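The structure file data32.csv is reproduced below (CSV, C-alpha atoms).
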chain,number,residue,atom,x,y,z
E,1,PRO,CA,-49.6,-17.8,-26.4
E,2,LEU,CA,-46.3,-16.6,-27.9
E,3,GLY,CA,-46.8,-13.3,-26.1
E,4,LEU,CA,-47.3,-15.0,-22.8
E,5,LEU,CA,-44.3,-17.2,-23.4
E,6,TYR,CA,-42.2,-14.1,-24.3
E,7,ARG,CA,-43.3,-12.3,-21.1
E,8,SER,CA,-42.4,-15.3,-19.0
E,9,LEU,CA,-38.9,-15.5,-20.5
E,10,ASN,CA,-38.4,-11.8,-19.8
E,11,GLN,CA,-39.5,-12.3,-16.2
E,12,ILE,CA,-37.0,-15.2,-15.9
E,13,GLU,CA,-34.3,-13.2,-17.4
E,14,ASP,CA,-35.0,-10.2,-15.1
E,15,SER,CA,-35.0,-12.5,-12.1
E,16,CYS,CA,-31.6,-13.9,-13.1
E,17,VAL,CA,-30.2,-10.4,-13.6
E,18,LYS,CA,-31.4,-9.3,-10.1
E,19,LYS,CA,-29.8,-12.4,-8.5
E,20,ASP,CA,-26.5,-11.7,-10.2
E,21,THR,CA,-26.6,-8.1,-9.2
E,22,LYS,CA,-27.3,-8.9,-5.6
E,23,LYS,CA,-24.4,-11.4,-5.6
E,24,GLU,CA,-22.1,-8.8,-7.1
E,25,ILE,CA,-23.1,-6.2,-4.4
E,26,LYS,CA,-22.6,-8.8,-1.7
E,27,ASP,CA,-19.2,-9.7,-3.1
E,28,GLU,CA,-18.2,-6.0,-3.1
E,29,ASP,CA,-19.4,-5.5,0.4
E,30,THR,CA,-17.6,-8.5,1.7
E,31,PRO,CA,-14.1,-7.3,2.9
E,32,SER,CA,-11.1,-8.8,1.2
E,33,ASP,CA,-8.6,-10.6,3.3
E,34,ASP,CA,-5.9,-8.3,1.8
E,35,LYS,CA,-7.8,-5.1,2.5
E,36,LEU,CA,-6.3,-3.3,5.5
E,37,SER,CA,-8.3,-1.3,8.0
E,38,ILE,CA,-7.6,2.5,8.4
E,39,TRP,CA,-5.4,2.0,11.5
E,40,LYS,CA,-3.5,-0.8,9.9
E,41,ILE,CA,-2.7,1.4,6.9
E,42,LEU,CA,-1.7,4.4,9.1
E,43,LEU,CA,0.5,2.2,11.2
E,44,HIS,CA,2.0,0.2,8.4
E,45,PRO,CA,5.8,0.6,8.4
E,46,LEU,CA,6.0,0.9,4.6
E,47,PHE,CA,3.2,3.5,4.5
E,48,ILE,CA,4.9,5.5,7.3
E,49,LEU,CA,8.2,5.4,5.4
E,50,PHE,CA,6.6,6.4,2.1
E,51,THR,CA,4.7,9.2,3.8
E,52,ILE,CA,7.9,10.7,5.3
E,53,SER,CA,9.5,10.5,1.9
E,54,ASP,CA,6.6,12.1,0.2
E,55,PHE,CA,6.3,14.8,2.9
E,56,THR,CA,9.9,15.9,2.2
E,57,THR,CA,9.3,15.9,-1.5
E,58,GLY,CA,6.2,18.0,-1.0
E,59,ILE,CA,8.2,20.7,0.8
E,60,GLY,CA,10.6,21.1,-2.1
E,61,PHE,CA,8.3,20.3,-5.0
E,62,ASN,CA,6.3,23.5,-5.6
E,63,ALA,CA,8.7,26.3,-4.7
E,64,PRO,CA,10.7,26.1,-8.0
E,65,TYR,CA,7.4,26.6,-9.9
E,66,LEU,CA,6.5,29.7,-7.8
E,67,TYR,CA,9.9,31.3,-7.7
E,68,ALA,CA,11.5,30.5,-11.0
E,69,LYS,CA,10.5,33.8,-12.6
E,70,ASP,CA,11.6,35.9,-9.6
E,71,ARG,CA,14.9,34.2,-9.6
E,72,ALA,CA,15.5,34.9,-13.3
E,73,VAL,CA,14.5,38.5,-12.9
E,74,ASN,CA,17.0,38.8,-10.0
E,75,ALA,CA,19.6,37.5,-12.3
E,76,GLY,CA,18.9,40.3,-14.8
E,77,ILE,CA,16.6,38.5,-17.2
E,78,SER,CA,13.6,40.4,-18.4
E,79,SER,CA,10.2,39.6,-16.9
E,80,ALA,CA,8.7,38.6,-20.3
E,81,ARG,CA,11.5,36.1,-20.9
E,82,ALA,CA,11.5,34.9,-17.3
E,83,SER,CA,7.8,34.0,-17.7
E,84,TYR,CA,8.7,31.2,-20.2
E,85,LEU,CA,10.6,29.4,-17.4
E,86,ILE,CA,7.4,28.6,-15.7
E,87,SER,CA,6.0,27.3,-19.0
E,88,SER,CA,9.1,25.2,-19.5
E,89,ILE,CA,8.6,23.5,-16.1
E,90,GLY,CA,4.9,23.0,-16.7
E,91,LEU,CA,5.5,21.5,-20.2
E,92,GLY,CA,8.2,19.2,-18.9
E,93,ASN,CA,5.9,18.1,-16.1
E,94,SER,CA,3.1,17.3,-18.5
E,95,ILE,CA,5.4,15.3,-20.7
E,96,GLY,CA,7.0,13.5,-17.7
E,97,ARG,CA,3.6,12.4,-16.5
E,98,VAL,CA,2.6,10.8,-19.8
E,99,VAL,CA,6.0,9.3,-20.6
E,100,SER,CA,6.5,7.9,-17.0
E,101,GLY,CA,3.0,6.4,-17.1
E,102,TYR,CA,3.8,4.6,-20.3
E,103,VAL,CA,7.3,3.5,-19.2
E,104,ALA,CA,5.9,2.2,-15.8
E,105,THR,CA,3.8,-0.4,-17.8
E,106,LYS,CA,6.9,-1.9,-19.3
E,107,LYS,CA,9.4,-4.2,-17.8
E,108,VAL,CA,11.1,-1.7,-15.6
E,109,ASN,CA,11.5,-1.6,-11.8
E,110,ARG,CA,9.1,1.1,-10.7
E,111,PHE,CA,10.8,1.7,-7.4
E,112,TYR,CA,14.1,2.5,-9.0
E,113,PHE,CA,12.4,4.6,-11.7
E,114,TYR,CA,10.5,6.6,-9.0
E,115,ASN,CA,13.5,7.0,-6.7
E,116,TRP,CA,16.0,8.0,-9.3
E,117,SER,CA,13.6,10.6,-10.6
E,118,LEU,CA,13.5,12.2,-7.1
E,119,LEU,CA,17.2,12.0,-6.7
E,120,LEU,CA,18.0,13.5,-10.1
E,121,SER,CA,15.5,16.3,-9.8
E,122,GLY,CA,17.0,17.2,-6.5
E,123,LEU,CA,20.5,17.2,-7.9
E,124,LEU,CA,19.4,19.4,-10.8
E,125,LEU,CA,18.0,22.0,-8.4
E,126,VAL,CA,21.2,22.0,-6.3
E,127,SER,CA,23.3,22.3,-9.5
E,128,SER,CA,21.3,25.4,-10.5
E,129,TRP,CA,23.3,27.3,-7.9
E,130,GLY,CA,24.4,30.7,-9.3
E,131,ALA,CA,22.6,30.1,-12.6
E,132,ALA,CA,22.4,33.3,-14.6
E,133,ASN,CA,22.3,32.1,-18.2
E,134,TYR,CA,18.8,32.0,-19.5
E,135,TYR,CA,19.2,28.9,-21.7
E,136,TRP,CA,20.8,27.0,-18.8
E,137,MET,CA,17.8,27.9,-16.6
E,138,ILE,CA,15.2,26.8,-19.2
E,139,THR,CA,17.0,23.5,-19.7
E,140,ASN,CA,17.4,22.9,-16.0
E,141,TYR,CA,13.8,23.7,-15.2
E,142,SER,CA,12.5,21.7,-18.1
E,143,LEU,CA,14.4,18.6,-16.8
E,144,VAL,CA,13.2,19.3,-13.3
E,145,GLY,CA,9.6,19.4,-14.6
E,146,LEU,CA,10.1,16.2,-16.5
E,147,LEU,CA,11.4,14.3,-13.5
E,148,THR,CA,8.8,15.7,-11.0
E,149,GLY,CA,6.1,14.7,-13.5
E,150,THR,CA,7.4,11.1,-13.0
E,151,TYR,CA,7.0,11.5,-9.2
E,152,VAL,CA,3.4,12.7,-9.5
E,153,THR,CA,2.3,9.9,-11.8
E,154,LEU,CA,4.1,7.1,-9.9
E,155,THR,CA,3.0,8.0,-6.4
E,156,PRO,CA,-0.3,6.0,-6.4
E,157,VAL,CA,1.4,3.3,-8.4
E,158,MET,CA,4.0,3.0,-5.6
E,159,LEU,CA,1.3,2.7,-3.0
E,160,SER,CA,-0.3,-0.1,-5.0
E,161,ASP,CA,3.0,-1.9,-5.2
E,162,LEU,CA,3.8,-1.4,-1.5
E,163,LEU,CA,0.3,-2.0,0.1
E,164,GLY,CA,-1.7,-3.7,-2.6
E,165,SER,CA,-4.1,-2.3,-5.1
E,166,GLU,CA,-7.1,-2.9,-2.8
E,167,ASN,CA,-5.6,-0.4,-0.3
E,168,VAL,CA,-4.7,2.4,-2.8
E,169,ASN,CA,-7.9,4.5,-2.3
E,170,ARG,CA,-7.5,4.8,1.5
E,171,SER,CA,-3.7,5.1,1.6
E,172,PHE,CA,-3.6,7.7,-1.2
E,173,GLY,CA,-6.3,9.7,0.5
E,174,PHE,CA,-4.3,9.8,3.8
E,175,LEU,CA,-1.1,10.5,1.9
E,176,CYS,CA,-2.7,13.5,0.2
E,177,ILE,CA,-3.4,15.0,3.6
E,178,PHE,CA,0.3,14.9,4.6
E,179,GLN,CA,1.3,16.0,1.1
E,180,GLY,CA,-1.0,19.0,1.4
E,181,ILE,CA,0.6,20.1,4.7
E,182,ALA,CA,4.0,19.8,3.1
E,183,VAL,CA,3.0,21.9,0.1
E,184,PHE,CA,1.5,24.5,2.4
E,185,ILE,CA,4.8,24.6,4.4
E,186,GLY,CA,7.3,24.6,1.5
E,187,PRO,CA,6.9,27.9,-0.3
E,188,PRO,CA,6.8,30.1,2.9
E,189,VAL,CA,10.0,28.3,4.1
E,190,VAL,CA,11.7,29.0,0.8
E,191,GLY,CA,10.6,32.6,0.8
E,192,TYR,CA,11.9,33.0,4.3
E,193,ILE,CA,15.3,31.6,3.2
E,194,TYR,CA,15.4,34.2,0.4
E,195,ASP,CA,14.5,37.0,2.9
E,196,LEU,CA,17.5,35.9,5.1
E,197,THR,CA,20.0,35.5,2.3
E,198,GLN,CA,18.6,37.8,-0.4
E,199,SER,CA,19.5,35.0,-2.9
E,200,PHE,CA,17.6,32.2,-4.4
E,201,ASN,CA,20.7,30.0,-4.6
E,202,LEU,CA,20.3,28.6,-1.1
E,203,ALA,CA,16.5,28.5,-1.4
E,204,PHE,CA,16.6,26.3,-4.5
E,205,SER,CA,19.3,24.2,-3.0
E,206,PHE,CA,17.1,23.6,0.0
E,207,CYS,CA,14.3,22.4,-2.4
E,208,GLY,CA,16.8,20.1,-4.1
E,209,LEU,CA,18.1,18.7,-0.8
E,210,CYS,CA,14.5,17.9,0.2
E,211,MET,CA,14.1,15.9,-3.0
E,212,ILE,CA,17.4,14.1,-2.4
E,213,LEU,CA,16.5,13.3,1.2
E,214,SER,CA,13.2,11.9,0.0
E,215,ALA,CA,14.9,9.5,-2.3
E,216,LEU,CA,17.4,8.5,0.5
E,217,VAL,CA,14.5,7.9,3.0
E,218,MET,CA,12.9,5.4,0.7
E,219,ASN,CA,16.1,3.4,0.7
E,220,LEU,CA,15.7,2.8,4.4
E,221,GLY,CA,12.9,0.4,3.4
E,222,TYR,CA,15.6,-2.1,2.6
E,223,ILE,CA,15.8,-2.8,6.3
E,224,SER,CA,12.4,-4.5,5.9
E,225,ARG,CA,12.4,-8.0,4.5
E,226,GLU,CA,8.9,-7.4,3.1
E,227,PHE,CA,10.1,-4.3,1.3
E,228,ARG,CA,13.1,-6.1,-0.2
E,229,ARG,CA,10.7,-8.9,-1.4
E,230,LYS,CA,8.3,-6.4,-3.0
E,231,VAL,CA,11.0,-4.3,-4.7
E,232,LYS,CA,12.0,-7.4,-6.7
E,233,THR,CA,8.5,-7.6,-8.1
E,234,PHE,CA,8.0,-3.9,-8.9
E,235,HIS,CA,8.5,-4.6,-12.6
E,236,GLU,CA,5.7,-7.3,-12.8
Please re-express this file's structure in structure tokens.
Amino acid sequence: PLGLLYRSLNQIEDSCVKKDTKKEIKDEDTPSDDKLSIWKILLHPLFILFTISDFTTGIGFNAPYLYAKDRAVNAGISSARASYLISSIGLGNSIGRVVSGYVATKKVNRFYFYNWSLLLSGLLLVSSWGAANYYWMITNYSLVGLLTGTYVTLTPVMLSDLLGSENVNRSFGFLCIFQGIAVFIGPPVVGYIYDLTQSFNLAFSFCGLCMILSALVMNLGYISREFRRKVKTFHE
């Protein structure tokens, strides 16, 4: 009898679990009122603004990683020492991603944090004009890596703040498409500028100006009342 009773209890428990599972699946399939359709995301003014900003960032983002060594060699630095410049950017980027992720969880305004990182990284690249000192280069590139690491980490976070967490998957997927196009365009453009001028000064300044423009574009969002309201809550 106890065995029969035990089996009956198990059957009841299994039945309850199945009902709960079906309910969870139904809840997941039911669209949220805040979840935007594909077209609404693509045509959302804040998504368009953020995409334009991210596109300009993508153009200037990767070129310093690719041409840092060549620039140093052109300045008379040995190839072996110049290789460490790439490592310094990568190390700075890795640290920037971790630190910015931690800082973003604190009581800081993530929009200002994100935007100032873009602006300062752009200014650092422009300020590297005529750089010939190895230690100045390694310091400059390390800081650029640190700040661009912040940009990488906070990009999906910014989308969550602007469009809502329920729209991050789709919006980030679409953003990566445009970002990939920008990354594909950027290095050849920088290489072409070098071919024309036979100097990396203007080429790296172009990258810096793209980053600065990206930060300035995001400030156009203040035209939107919705954007102004959301920026005030970016630290919550």
Just checking: using all atoms listed in the file, which residue out of E:Val108, E:Cys207, E:Tyr222, E:Thr51 ends up closest to Ile193 (chain E)? E:Cys207
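The coordinates place CA of Tyr114 (chain E) at 27.4 Å from CA of Lys69 (chain E).
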Take CA of Arg225 (chain E) and CA of Leu120 (chain E) and report the distance between them in Å, one decimal. 26.6 Å
I'd like the neighbourhood of region 122-127 of chain E as a PyMOL selection string, where a residue qualifies if any of its atoms comes within 12 Å (using only C-alpha atoms), though same-chain residues fewer than 2 positions away should be ignored. chain E and resi 56-57+59-61+63-65+68+115-120+129-131+136-148+151+200-216
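Atom pair CA of Ala75 (chain E) / CA of Ser121 (chain E): separated by 21.7 Å.
With all atoms listed in the file as the atoms that count, the residue of E:Glu226, E:Glu166, E:Asp70, E:Asp161 with the shortest distance to Gly191 (chain E) is E:Asp70.
Using all atoms listed in the file, the shortest contact distance between Arg97 (chain E) and any of E:Val168, E:Leu154, E:Leu220, E:Leu46 is found at E:Leu154.
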Excluding same-chain residues fewer than 2 positions from Ile181 (chain E), what lies within 12 Å of it counting only C-alpha atoms, as a compact mmCIF listing (two decimals) with C-alpha atoms, in the coordinates of the input?
# COMPACT_ATOMS: atom_id res chain seq x y z
CA THR E 51 4.70 9.20 3.80
CA ILE E 52 7.90 10.70 5.30
CA ASP E 54 6.60 12.10 0.20
CA PHE E 55 6.30 14.80 2.90
CA THR E 56 9.90 15.90 2.20
CA THR E 57 9.30 15.90 -1.50
CA GLY E 58 6.20 18.00 -1.00
CA ILE E 59 8.20 20.70 0.80
CA PHE E 174 -4.30 9.80 3.80
CA LEU E 175 -1.10 10.50 1.90
CA CYS E 176 -2.70 13.50 0.20
CA ILE E 177 -3.40 15.00 3.60
CA PHE E 178 0.30 14.90 4.60
CA GLN E 179 1.30 16.00 1.10
CA VAL E 183 3.00 21.90 0.10
CA PHE E 184 1.50 24.50 2.40
CA ILE E 185 4.80 24.60 4.40
CA GLY E 186 7.30 24.60 1.50
CA PRO E 187 6.90 27.90 -0.30
CA PRO E 188 6.80 30.10 2.90
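With only C-alpha atoms as the atoms that count, the minimum distance from Leu159 (chain E) to the choices E:Phe47, E:Leu36, E:Asn74, E:Leu196 is reached by E:Phe47.
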Which residue, E:Lys106, E:Ala80, E:Thr150, E:Phe111, has the smallest gap to Ser94 (chain E) when you use all atoms listed in the file? E:Thr150
Identify, on the basis of only C-alpha atoms, every residue whose closest approach to Ala72 (chain E) does not exceed 9 Å; exclude the query and any residue fewer than 4 positions from it along the same chain; express the result as a list in words. Tyr67, Ala68, Gly76, Ile77, Ser78, Ser79, Arg81, Ala82, Ser83, Leu85, Ala131, Ala132, Asn133, Tyr134 and Met137 of chain E
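Of the residues listed (E:Leu91, E:Ile86, E:Leu49, E:Val152), E:Leu49 shows the shortest atom-to-atom separation from Asn219 (chain E); distances use only C-alpha atoms.
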Compile the contact shell of Gly173 (chain E) as a ChimeraX atom specification: residues with an atom at most 12 Å away, counting all atoms listed in the file, same-chain residues fewer than 6 positions apart removed. /E:38,41-42,51,155-156,159,167,179-180
Subset file: region 71-157 of chain E, C-alpha atoms, as a compact mmCIF listing (two decimals), in the first residue's frame:
# COMPACT_ATOMS: atom_id res chain seq x y z
CA ARG E 71 53.72 53.52 -37.32
CA ALA E 72 56.38 52.86 -34.70
CA VAL E 73 58.70 51.21 -37.23
CA ASN E 74 58.30 54.25 -39.49
CA ALA E 75 59.32 56.41 -36.53
CA GLY E 76 62.60 54.50 -36.22
CA ILE E 77 61.64 52.05 -33.46
CA SER E 78 62.80 48.46 -33.89
CA SER E 79 60.24 45.91 -35.00
CA ALA E 80 60.72 43.84 -31.83
CA ARG E 81 59.95 46.80 -29.54
CA ALA E 82 57.14 48.02 -31.77
CA SER E 83 55.37 44.68 -31.33
CA TYR E 84 54.84 45.47 -27.66
CA LEU E 85 52.65 48.41 -28.65
CA ILE E 86 50.01 45.99 -29.91
CA SER E 87 50.25 44.09 -26.63
CA SER E 88 49.81 47.34 -24.69
CA ILE E 89 46.60 48.18 -26.56
CA GLY E 90 45.28 44.65 -26.04
CA LEU E 91 46.15 44.62 -22.35
CA GLY E 92 44.57 48.04 -21.84
CA ASN E 93 41.46 46.87 -23.69
CA SER E 94 41.14 43.77 -21.52
CA ILE E 95 41.47 45.78 -18.32
CA GLY E 96 39.05 48.40 -19.62
CA ARG E 97 36.36 45.80 -20.29
CA VAL E 98 36.54 44.35 -16.80
CA VAL E 99 36.84 47.66 -14.95
CA SER E 100 34.09 49.39 -16.94
CA GLY E 101 31.76 46.44 -16.38
CA TYR E 102 32.30 46.76 -12.65
CA VAL E 103 31.97 50.54 -12.60
CA ALA E 104 28.77 50.40 -14.68
CA THR E 105 27.08 48.47 -11.85
CA LYS E 106 27.72 51.33 -9.45
CA LYS E 107 25.94 54.65 -9.07
CA VAL E 108 27.37 56.24 -12.19
CA ASN E 109 25.56 57.61 -15.21
CA ARG E 110 26.35 55.04 -17.88
CA PHE E 111 25.64 57.40 -20.77
CA TYR E 112 28.23 59.93 -19.59
CA PHE E 113 30.68 57.13 -18.81
CA TYR E 114 30.25 55.66 -22.30
CA ASN E 115 30.33 58.97 -24.14
CA TRP E 116 33.35 60.38 -22.31
CA SER E 117 35.25 57.16 -23.04
CA LEU E 118 34.66 57.66 -26.77
CA LEU E 119 35.57 61.34 -26.63
CA LEU E 120 38.79 60.84 -24.65
CA SER E 121 39.96 57.90 -26.79
CA GLY E 122 39.46 60.08 -29.87
CA LEU E 123 41.40 62.95 -28.32
CA LEU E 124 44.24 60.60 -27.40
CA LEU E 125 44.53 59.37 -30.98
CA VAL E 126 44.57 62.94 -32.33
CA SER E 127 47.15 63.95 -29.70
CA SER E 128 49.48 61.18 -30.93
CA TRP E 129 50.27 63.33 -33.98
CA GLY E 130 54.00 63.24 -34.63
CA ALA E 131 54.64 60.75 -31.83
CA ALA E 132 58.15 59.36 -32.06
CA ASN E 133 58.98 58.55 -28.44
CA TYR E 134 58.47 54.89 -27.65
CA TYR E 135 57.30 55.41 -24.06
CA TRP E 136 54.83 58.10 -25.10
CA MET E 137 53.45 55.72 -27.72
CA ILE E 138 53.04 52.82 -25.31
CA THR E 139 51.33 55.08 -22.74
CA ASN E 140 49.04 56.61 -25.35
CA TYR E 141 48.04 53.28 -26.86
CA SER E 142 47.48 51.68 -23.44
CA LEU E 143 45.05 54.45 -22.54
CA VAL E 144 43.32 54.15 -25.91
CA GLY E 145 42.92 50.41 -25.30
CA LEU E 146 41.56 51.07 -21.81
CA LEU E 147 38.94 53.52 -23.06
CA THR E 148 37.89 51.50 -26.11
CA GLY E 149 37.45 48.51 -23.80
CA THR E 150 34.83 50.59 -22.02
CA TYR E 151 33.09 51.19 -25.33
CA VAL E 152 32.97 47.45 -26.11
CA THR E 153 31.55 46.49 -22.72
CA LEU E 154 28.94 49.23 -22.48
CA THR E 155 27.52 48.95 -26.01
CA PRO E 156 24.86 46.31 -25.16
CA VAL E 157 24.27 48.02 -21.82
